[in-house]
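Structure data follow from coords08.tsv (TSV, C-alpha atoms):
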chain	number	residue	atom	x	y	z
A	1	MET	CA	46.59	83.00	83.98
A	2	PRO	CA	44.58	80.82	86.36
A	3	ARG	CA	44.02	77.20	85.55
A	4	CYS	CA	40.66	76.40	83.95
A	5	TRP	CA	38.97	72.99	84.15
A	6	ILE	CA	36.34	72.05	81.66
A	7	THR	CA	33.72	69.52	82.73
A	8	ALA	CA	31.22	67.60	80.64
A	9	PRO	CA	27.96	69.42	79.95
A	10	MET	CA	25.10	68.09	82.01
A	11	HIS	CA	22.39	70.71	81.70
A	12	GLU	CA	19.31	70.24	83.83
A	13	LEU	CA	19.29	66.52	83.15
A	14	SER	CA	21.55	65.80	86.13
A	15	ILE	CA	18.80	64.56	88.40
A	16	ALA	CA	17.26	62.31	85.73
A	17	GLN	CA	20.73	60.93	85.03
A	18	SER	CA	21.18	60.23	88.75
A	19	VAL	CA	17.82	58.40	88.75
A	20	ILE	CA	18.94	56.16	85.88
A	21	ASP	CA	22.40	55.56	87.38
A	22	LEU	CA	20.93	54.56	90.73
A	23	ALA	CA	18.28	52.29	89.18
A	24	VAL	CA	20.80	50.60	86.86
A	25	LYS	CA	23.18	50.03	89.77
A	26	ASN	CA	20.45	48.37	91.84
A	27	CYS	CA	19.20	46.30	88.89
A	28	THR	CA	22.57	44.91	87.85
A	29	ALA	CA	23.60	44.30	91.46
A	30	SER	CA	20.63	41.94	91.76
A	31	GLY	CA	21.64	40.06	88.59
A	32	HIS	CA	18.80	41.41	86.42
A	33	THR	CA	19.06	42.92	82.96
A	34	ALA	CA	16.03	45.17	82.43
A	35	ILE	CA	14.14	47.78	84.45
A	36	GLU	CA	10.36	47.92	83.97
A	37	LYS	CA	9.39	50.61	86.44
A	38	ILE	CA	11.06	53.12	88.76
A	39	THR	CA	9.17	54.67	91.66
A	40	LEU	CA	10.30	57.96	93.19
A	41	SER	CA	9.13	60.13	96.07
A	42	ILE	CA	9.44	63.83	95.26
A	43	GLY	CA	8.68	66.41	97.91
A	44	SER	CA	6.68	69.48	96.92
A	45	ALA	CA	9.42	71.71	98.40
A	46	SER	CA	12.35	69.81	96.84
A	47	GLY	CA	12.67	72.31	94.01
A	48	VAL	CA	12.25	69.54	91.43
A	49	MET	CA	9.34	69.72	89.00
A	50	PRO	CA	8.00	66.19	88.45
A	51	GLU	CA	6.93	67.05	84.86
A	52	ALA	CA	10.41	68.30	83.96
A	53	LEU	CA	12.05	65.28	85.59
A	54	ALA	CA	9.71	62.90	83.72
A	55	PHE	CA	10.49	64.63	80.42
A	56	ALA	CA	14.24	64.44	81.00
A	57	PHE	CA	13.92	60.78	82.00
A	58	GLU	CA	12.15	59.89	78.75
A	59	VAL	CA	14.91	61.57	76.75
A	60	ILE	CA	17.89	59.91	78.40
A	61	LYS	CA	16.53	56.43	79.23
A	62	LYS	CA	17.03	55.31	75.61
A	63	ASP	CA	19.97	52.97	75.07
A	64	THR	CA	20.04	52.00	78.75
A	65	ILE	CA	18.57	48.95	80.48
A	66	ALA	CA	15.85	51.35	81.63
A	67	GLY	CA	14.88	52.01	78.00
A	68	ASN	CA	11.40	50.56	78.49
A	69	ALA	CA	10.98	51.63	82.09
A	70	ALA	CA	7.99	53.62	83.30
A	71	LEU	CA	8.60	56.38	85.80
A	72	CYS	CA	6.16	56.63	88.69
A	73	ILE	CA	6.43	59.74	90.87
A	74	ASN	CA	4.77	59.94	94.27
A	75	ASN	CA	4.35	63.57	95.23
A	76	VAL	CA	4.99	64.22	98.92
A	77	PRO	CA	3.31	67.24	100.52
A	78	ILE	CA	5.10	70.02	102.31
A	79	SER	CA	4.26	69.34	105.94
A	80	GLY	CA	5.13	70.70	109.32
A	81	VAL	CA	4.03	72.07	112.64
A	82	CYS	CA	3.16	75.64	113.53
A	83	CYS	CA	5.46	76.98	116.24
A	84	GLU	CA	2.65	79.17	117.61
A	85	CYS	CA	-0.56	77.10	117.68
A	86	LYS	CA	1.30	73.74	117.53
A	87	LYS	CA	-1.12	72.40	114.89
A	88	GLU	CA	0.09	70.32	111.95
A	89	PHE	CA	-0.44	71.24	108.30
A	90	ALA	CA	0.30	69.83	104.84
A	91	SER	CA	0.14	71.16	101.28
A	92	TYR	CA	0.87	69.79	97.82
A	93	ASP	CA	1.15	73.29	96.39
A	94	ARG	CA	4.68	73.53	95.08
A	95	TYR	CA	4.12	77.13	94.14
A	96	PHE	CA	3.46	77.52	97.81
A	97	TYR	CA	4.61	81.02	98.40
A	98	ILE	CA	6.09	82.10	101.66
A	99	PHE	CA	3.31	80.76	103.66
A	100	ASN	CA	1.59	81.15	106.95
A	101	CYS	CA	-0.04	78.61	109.22
A	102	PRO	CA	-3.45	77.73	107.70
A	103	HIS	CA	-4.85	77.57	111.24
A	104	CYS	CA	-3.55	80.71	112.99
A	105	ASN	CA	-1.71	82.59	110.18
A	106	SER	CA	1.61	82.58	112.07
A	107	ALA	CA	4.73	82.72	109.89
A	108	ALA	CA	6.79	80.73	112.41
A	109	LEU	CA	6.63	77.26	110.92
A	110	SER	CA	8.75	74.21	111.45
A	111	LEU	CA	8.84	72.18	108.21
A	112	THR	CA	9.21	68.43	108.63
A	113	GLY	CA	8.50	67.07	105.15
A	114	GLY	CA	8.39	68.00	101.49
A	115	PHE	CA	12.12	68.02	100.70
A	116	GLU	CA	12.26	64.34	99.62
A	117	LEU	CA	14.16	63.39	96.48
A	118	ASP	CA	14.18	59.62	96.94
A	119	MET	CA	14.02	56.42	94.94
A	120	VAL	CA	11.54	54.06	96.58
A	121	ASP	CA	11.87	50.88	94.50
A	122	ILE	CA	12.34	49.47	91.02
A	123	GLU	CA	10.61	46.65	89.11
A	124	VAL	CA	13.08	44.48	87.21
A	125	GLU	CA	13.02	41.36	85.08
B	1	MET	CA	10.50	41.38	90.66
B	2	ASN	CA	10.49	44.36	92.98
B	3	ILE	CA	13.72	45.70	94.48
B	4	LYS	CA	13.50	48.13	97.38
B	5	VAL	CA	15.97	50.95	96.80
B	6	VAL	CA	15.02	53.56	99.41
B	7	THR	CA	17.96	55.83	98.58
B	8	LYS	CA	18.28	59.52	97.94
B	9	ILE	CA	18.43	60.14	94.19
B	10	LEU	CA	21.44	62.39	94.69
B	11	ASP	CA	23.11	59.79	96.91
B	12	ALA	CA	26.06	59.49	94.50
B	13	ASN	CA	26.62	63.26	94.64
B	14	ASP	CA	26.23	63.28	98.41
B	15	ARG	CA	28.84	60.55	98.82
B	16	ILE	CA	31.40	62.44	96.72
B	17	ALA	CA	30.51	65.58	98.71
B	18	GLY	CA	31.30	63.60	101.86
B	19	THR	CA	34.71	62.64	100.45
B	20	ASN	CA	35.42	66.29	99.58
B	21	ARG	CA	34.32	67.36	103.07
B	22	ARG	CA	36.66	64.88	104.79
B	23	LYS	CA	39.59	65.91	102.59
B	24	LEU	CA	38.99	69.62	103.27
B	25	LYS	CA	38.48	69.05	106.99
B	26	ALA	CA	41.71	67.03	107.17
B	27	ALA	CA	43.52	70.04	105.66
B	28	GLY	CA	41.91	72.31	108.26
B	29	ILE	CA	39.90	74.19	105.64
B	30	TYR	CA	36.49	75.78	106.19
B	31	THR	CA	34.51	75.67	102.93
B	32	ILE	CA	31.81	78.08	101.79
B	33	ASN	CA	29.47	77.51	98.84
B	34	LEU	CA	28.71	81.02	97.55
B	35	MET	CA	25.50	81.15	95.53
B	36	GLY	CA	23.34	83.78	93.89
B	37	ALA	CA	21.93	85.05	90.61
B	38	PRO	CA	24.14	86.22	87.74
B	39	GLY	CA	25.18	89.80	88.46
B	40	ALA	CA	24.28	89.69	92.18
B	41	GLY	CA	27.86	90.60	93.04
B	42	LYS	CA	29.36	87.27	94.11
B	43	THR	CA	32.76	87.96	92.56
B	44	SER	CA	32.74	91.57	93.78
B	45	LEU	CA	31.98	90.36	97.30
B	46	LEU	CA	34.87	87.89	97.04
B	47	GLU	CA	37.22	90.68	95.99
B	48	CYS	CA	36.11	92.81	98.94
B	49	VAL	CA	36.49	89.93	101.38
B	50	ILE	CA	39.91	88.88	100.06
B	51	GLY	CA	41.18	92.45	100.36
B	52	ARG	CA	39.79	92.88	103.87
B	53	LEU	CA	40.92	89.51	105.26
B	54	LYS	CA	44.43	89.56	103.80
B	55	GLY	CA	46.84	88.90	106.65
B	56	SER	CA	44.27	87.28	108.96
B	57	LEU	CA	42.74	84.48	106.87
B	58	ARG	CA	44.24	82.72	103.89
B	59	ILE	CA	41.52	82.49	101.24
B	60	GLY	CA	41.38	80.08	98.29
B	61	VAL	CA	38.80	80.29	95.54
B	62	ILE	CA	37.11	77.94	93.09
B	63	GLU	CA	35.20	79.77	90.38
B	64	GLY	CA	32.30	78.06	88.63
B	65	ASP	CA	30.93	79.36	85.34
B	66	ILE	CA	29.34	77.86	82.27
B	67	ALA	CA	32.11	79.40	80.18
B	68	GLY	CA	35.04	81.77	80.43
B	69	THR	CA	37.73	82.65	82.92
B	70	ASP	CA	36.82	86.28	83.65
B	71	ASP	CA	36.11	85.62	87.33
B	72	ALA	CA	39.26	83.59	87.98
B	73	ARG	CA	41.37	86.28	86.31
B	74	ARG	CA	39.79	88.92	88.55
B	75	ILE	CA	40.51	86.85	91.66
B	76	ALA	CA	44.07	85.98	90.54
B	77	LEU	CA	44.91	89.70	90.57
B	78	HIS	CA	44.56	89.53	94.38
B	79	ASN	CA	47.32	86.89	94.59
B	80	VAL	CA	45.22	84.14	96.13
B	81	PRO	CA	45.05	80.53	94.87
B	82	VAL	CA	42.20	80.19	92.36
B	83	VAL	CA	40.97	77.64	89.84
B	84	GLN	CA	38.20	78.07	87.32
B	85	ILE	CA	35.68	75.34	86.48
B	86	ASN	CA	33.78	75.64	83.19
B	87	THR	CA	30.67	73.49	83.32
B	88	GLY	CA	30.07	73.71	79.58
B	89	GLY	CA	26.35	74.16	80.04
B	90	ALA	CA	25.55	72.72	83.45
B	91	CYS	CA	23.64	75.16	85.61
B	92	HIS	CA	25.43	74.32	88.87
B	93	LEU	CA	28.61	72.86	90.34
B	94	ASP	CA	28.37	69.32	91.68
B	95	ALA	CA	30.52	67.42	94.15
B	96	ASN	CA	32.46	65.56	91.47
B	97	MET	CA	33.59	68.76	89.73
B	98	ILE	CA	34.94	70.08	93.05
B	99	GLY	CA	36.62	66.73	93.81
B	100	GLU	CA	38.45	66.89	90.47
B	101	VAL	CA	40.03	70.30	91.09
B	102	LEU	CA	40.87	70.07	94.82
B	103	ASP	CA	44.34	68.63	94.17
B	104	SER	CA	45.25	71.57	91.96
B	105	LEU	CA	44.91	73.94	94.94
B	106	PRO	CA	47.60	74.33	97.63
B	107	LEU	CA	45.31	73.01	100.38
B	108	GLY	CA	47.99	73.44	103.06
B	109	GLU	CA	48.05	77.18	102.39
B	110	ILE	CA	44.28	77.79	102.64
B	111	ASP	CA	42.16	78.54	105.74
B	112	VAL	CA	38.86	79.31	104.01
B	113	LEU	CA	37.93	77.94	100.59
B	114	ILE	CA	35.19	79.91	98.88
B	115	VAL	CA	33.47	78.19	95.96
B	116	GLU	CA	31.63	80.64	93.77
B	117	ASN	CA	28.84	78.64	92.20
B	118	VAL	CA	27.33	79.19	88.74
B	119	GLY	CA	25.05	82.24	88.77
B	120	ASN	CA	21.61	80.70	89.28
B	121	LEU	CA	19.00	80.80	92.04
B	122	VAL	CA	17.72	77.26	91.51
B	123	CYS	CA	20.00	74.28	90.90
B	124	PRO	CA	23.06	75.16	93.04
B	125	ALA	CA	20.87	74.81	96.14
B	126	GLU	CA	20.11	71.19	95.27
B	127	PHE	CA	23.67	69.88	94.92
B	128	SER	CA	25.95	69.60	97.93
B	129	ILE	CA	29.64	70.02	97.06
B	130	GLY	CA	31.08	69.20	100.49
B	131	GLU	CA	30.77	72.70	101.91
B	132	ASP	CA	30.53	73.62	105.59
B	133	MET	CA	28.16	76.45	104.86
B	134	LYS	CA	26.07	77.92	102.07
B	135	ILE	CA	25.97	81.70	101.69
B	136	MET	CA	23.86	83.52	99.14
B	137	VAL	CA	24.24	86.96	97.60
B	138	SER	CA	21.25	88.90	96.32
B	139	GLY	CA	21.44	92.36	94.78
B	140	ILE	CA	18.66	94.69	95.89
B	141	THR	CA	18.06	95.36	92.18
B	142	GLU	CA	16.73	91.79	91.92
B	143	GLY	CA	13.62	92.75	93.88
B	144	HIS	CA	11.99	91.78	97.15
B	145	ASP	CA	10.01	88.89	95.66
B	146	LYS	CA	13.04	86.59	95.34
B	147	PRO	CA	12.63	84.69	98.66
B	148	GLY	CA	9.15	83.57	97.65
B	149	LYS	CA	10.14	82.69	94.11
B	150	TYR	CA	13.29	80.76	94.96
B	151	PRO	CA	12.61	79.48	98.49
B	152	LEU	CA	15.01	76.54	98.50
B	153	MET	CA	18.18	78.62	98.28
B	154	PHE	CA	16.96	81.01	100.96
B	155	ARG	CA	16.08	78.05	103.21
B	156	GLN	CA	19.45	76.38	102.79
B	157	SER	CA	21.70	79.41	103.24
B	158	SER	CA	23.23	80.30	106.59
B	159	ALA	CA	23.75	83.90	105.56
B	160	LEU	CA	22.18	86.25	103.03
B	161	ILE	CA	24.27	89.14	101.71
B	162	LEU	CA	22.02	91.91	100.41
B	163	ASN	CA	24.36	93.73	98.05
B	164	LYS	CA	24.18	97.07	96.19
B	165	THR	CA	22.63	98.99	99.07
B	166	ASP	CA	24.25	102.13	97.60
B	167	LEU	CA	21.48	101.93	94.97
B	168	LEU	CA	18.65	102.04	97.53
B	169	PRO	CA	17.58	105.60	96.61
B	170	TYR	CA	17.07	104.53	92.99
B	171	VAL	CA	15.41	101.14	93.39
B	172	ASP	CA	11.81	100.30	94.23
B	173	ILE	CA	12.41	97.60	96.78
B	174	ASP	CA	10.62	96.86	100.04
B	175	MET	CA	13.58	95.92	102.26
B	176	GLU	CA	11.32	95.15	105.21
B	177	ARG	CA	9.39	92.64	103.11
B	178	PHE	CA	12.62	91.13	101.75
B	179	ARG	CA	13.91	90.61	105.30
B	180	ALA	CA	10.58	89.37	106.69
B	181	ASP	CA	10.02	86.89	103.85
B	182	THR	CA	13.59	85.60	104.14
B	183	LEU	CA	13.25	85.13	107.91
B	184	SER	CA	9.89	83.44	107.44
B	185	LEU	CA	11.57	80.83	105.23
B	186	ASN	CA	14.66	80.56	107.39
B	187	PRO	CA	14.49	82.04	110.91
B	188	GLN	CA	18.18	81.24	111.59
B	189	ILE	CA	19.61	83.04	108.55
B	190	LYS	CA	22.04	85.90	109.21
B	191	ILE	CA	21.37	88.90	106.97
B	192	PHE	CA	24.09	91.41	106.03
B	193	GLU	CA	23.34	94.56	104.09
B	194	VAL	CA	26.41	95.60	102.13
B	195	SER	CA	27.63	97.61	99.21
B	196	CYS	CA	30.65	96.16	97.44
B	197	LYS	CA	30.94	99.51	95.67
B	198	THR	CA	31.22	101.69	98.79
B	199	GLN	CA	32.42	98.89	101.15
B	200	VAL	CA	29.60	99.69	103.59
B	201	GLY	CA	28.80	96.57	105.66
B	202	ILE	CA	31.75	94.55	104.34
B	203	GLY	CA	33.66	94.90	107.62
B	204	GLU	CA	30.78	93.44	109.63
B	205	PHE	CA	30.50	90.48	107.26
B	206	CYS	CA	34.26	89.85	107.45
B	207	ASP	CA	34.17	89.97	111.28
B	208	TRP	CA	31.49	87.29	111.17
B	209	LEU	CA	33.55	85.19	108.70
B	210	ARG	CA	36.56	85.33	111.03
B	211	LEU	CA	34.48	83.80	113.82
B	212	LEU	CA	33.41	80.81	111.71
B	213	ARG	CA	36.68	78.98	112.03
When written as structure tokens, how does the structure in this file appear?
Amino acid sequence: MPRCWITAPMHELSIAQSVIDLAVKNCTASGHTAIEKITLSIGSASGVMPEALAFAFEVIKKDTIAGNAALCINNVPISGVCCECKKEFASYDRYFYIFNCPHCNSAALSLTGGFELDMVDIEVE
Amino acid sequence: MNIKVVTKILDANDRIAGTNRRKLKAAGIYTINLMGAPGAGKTSLLECVIGRLKGSLRIGVIEGDIAGTDDARRIALHNVPVVQINTGGACHLDANMIGEVLDSLPLGEIDVLIVENVGNLVCPAEFSIGEDMKIMVSGITEGHDKPGKYPLMFRQSSALILNKTDLLPYVDIDMERFRADTLSLNPQIKIFEVSCKTQVGIGEFCDWLRLLR
């Protein structure tokens, strides 16, 4: 019988939990005790839905020093350069299907942005 | 007061993934993160590969599931080292889970470690576990619209295994569109068409795996 490891359930809250962990770490490291606001940059192609992340954040922030913190999410467009016509493009459409260059319709695209999943800054007191 | 953070949200996961990667590299192990939907044929592909590579590559396996040990028991029948992780609800494996089980595997006796992720086309693509390469399995019964619906996993995978090709006569799937949409998202991806049932295409995939190390 193979060995089986059981880990703690995390559900889809993992990313929100990582947001709180990172913010708390930065807040306490600076000697502060409460987080008022957390600002994130979320790329449209990151696979993360800002609404779902915000909902999860509201649920798990309670009983942490981010309990009264507001979450501010900057959406970053999917951007890139067409390999054919060399023109740049950008789109906020996260349901962006397999897409073609809006200028020449080529499918050969080089994506340069839109995968961000970053914390920009926090407001503390 | 404002504090600049400017850090990836999954930085903590990425750092643990880095530790896993260094540990696996030091042991001379090439690590594959095998992803795909439930029922795509990930475990069946593993069984085919283990059987085919026996004697030329020493395979080790980590199985990830929300619950149960069915997959690990299947793999254990092939006499390769295997551990099962039960995530208890989490939809993906993360770097910390892998880090916790690495010491329970005989790392000195493994050339290629294959980590079968939780069956899911979304979250596993977001969490690095310290792998050298991501490979995804998609059954042709899932339909040709999957690249467009789940683009991140198709973008991040180095190879796509299109499984269940023995069912082609019975399935309404546009294989040309599946291939074209996949290549549009990821021009470098290597596509293998296989049937774990009839073993068609498995040899070609195994030849490619041998060259990775």
Atomic separation - atom CA of Phe127 of chain B relative to atom CA of Leu183 of chain B, Å: 22.6 Å
Residue among B:Gly108, B:Pro169, B:Gly68, B:Gly130 lying closest to chain A, counting all atoms listed in the file: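 Result for the nearest residue to chain A: B:Gly68.
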Any idea what the distance is between atom CA of Thr33 of chain A and atom CA of Ile15 of chain A?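 About the pair atom CA of Thr33 of chain A and atom CA of Ile15 of chain A: they are 22.3 Å apart.
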For atom CA of Gly18 of chain B and atom CA of Ala125 of chain B, quote the distance in Å rounded to one decimal.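 One can read the atom CA of Gly18 of chain B to atom CA of Ala125 of chain B distance as 16.3 Å.
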Could you build a table of the residues in chain B lying no more than 7 Å from chain A, giving for each the nearest pair of atoms and their separation in Å rounded to one decimal place, using all atoms listed in the file, ordered by chain and ascending residue number, as a Markdown table?
| residue | atom | partner | partner_atom | distance |
| --- | --- | --- | --- | --- |
| B:Met1 | CA | A:Val124 | CA | 5.3 |
| B:Asn2 | CA | A:Glu123 | CA | 4.5 |
| B:Ile3 | CA | A:Ile122 | CA | 5.3 |
| B:Lys4 | CA | A:Asp121 | CA | 4.3 |
| B:Val5 | CA | A:Asp121 | CA | 4.7 |
| B:Val6 | CA | A:Val120 | CA | 4.5 |
| B:Thr7 | CA | A:Met119 | CA | 5.4 |
| B:Lys8 | CA | A:Asp118 | CA | 4.2 |
| B:Ile9 | CA | A:Asp118 | CA | 5.1 |
| B:Leu10 | CA | A:Ser18 | CA | 6.3 |
| B:Thr69 | CA | A:Cys4 | CA | 7.0 |
| B:Ala72 | CA | A:Pro2 | CA | 6.2 |
| B:Arg73 | CA | A:Pro2 | CA | 6.3 |
| B:Ala76 | CA | A:Pro2 | CA | 6.7 |
| B:Val82 | CA | A:Pro2 | CA | 6.5 |
| B:Val83 | CA | A:Arg3 | CA | 5.3 |
| B:Gln84 | CA | A:Cys4 | CA | 4.5 |
| B:Ile85 | CA | A:Trp5 | CA | 4.7 |
| B:Asn86 | CA | A:Ile6 | CA | 4.7 |
| B:Thr87 | CA | A:Thr7 | CA | 5.0 |
| B:Gly88 | CA | A:Pro9 | CA | 4.8 |
| B:Gly89 | CA | A:Pro9 | CA | 5.0 |
| B:Ala90 | CA | A:His11 | CA | 4.1 |
| B:Cys91 | CA | A:His11 | CA | 6.1 |
| B:Gly148 | CA | A:Ile98 | CA | 5.3 |
| B:Leu152 | CA | A:Gly47 | CA | 6.6 |
| B:Asp181 | CA | A:Ile98 | CA | 6.6 |
| B:Ser184 | CA | A:Ala107 | CA | 5.8 |
| B:Leu185 | CA | A:Ile98 | CA | 6.7 |
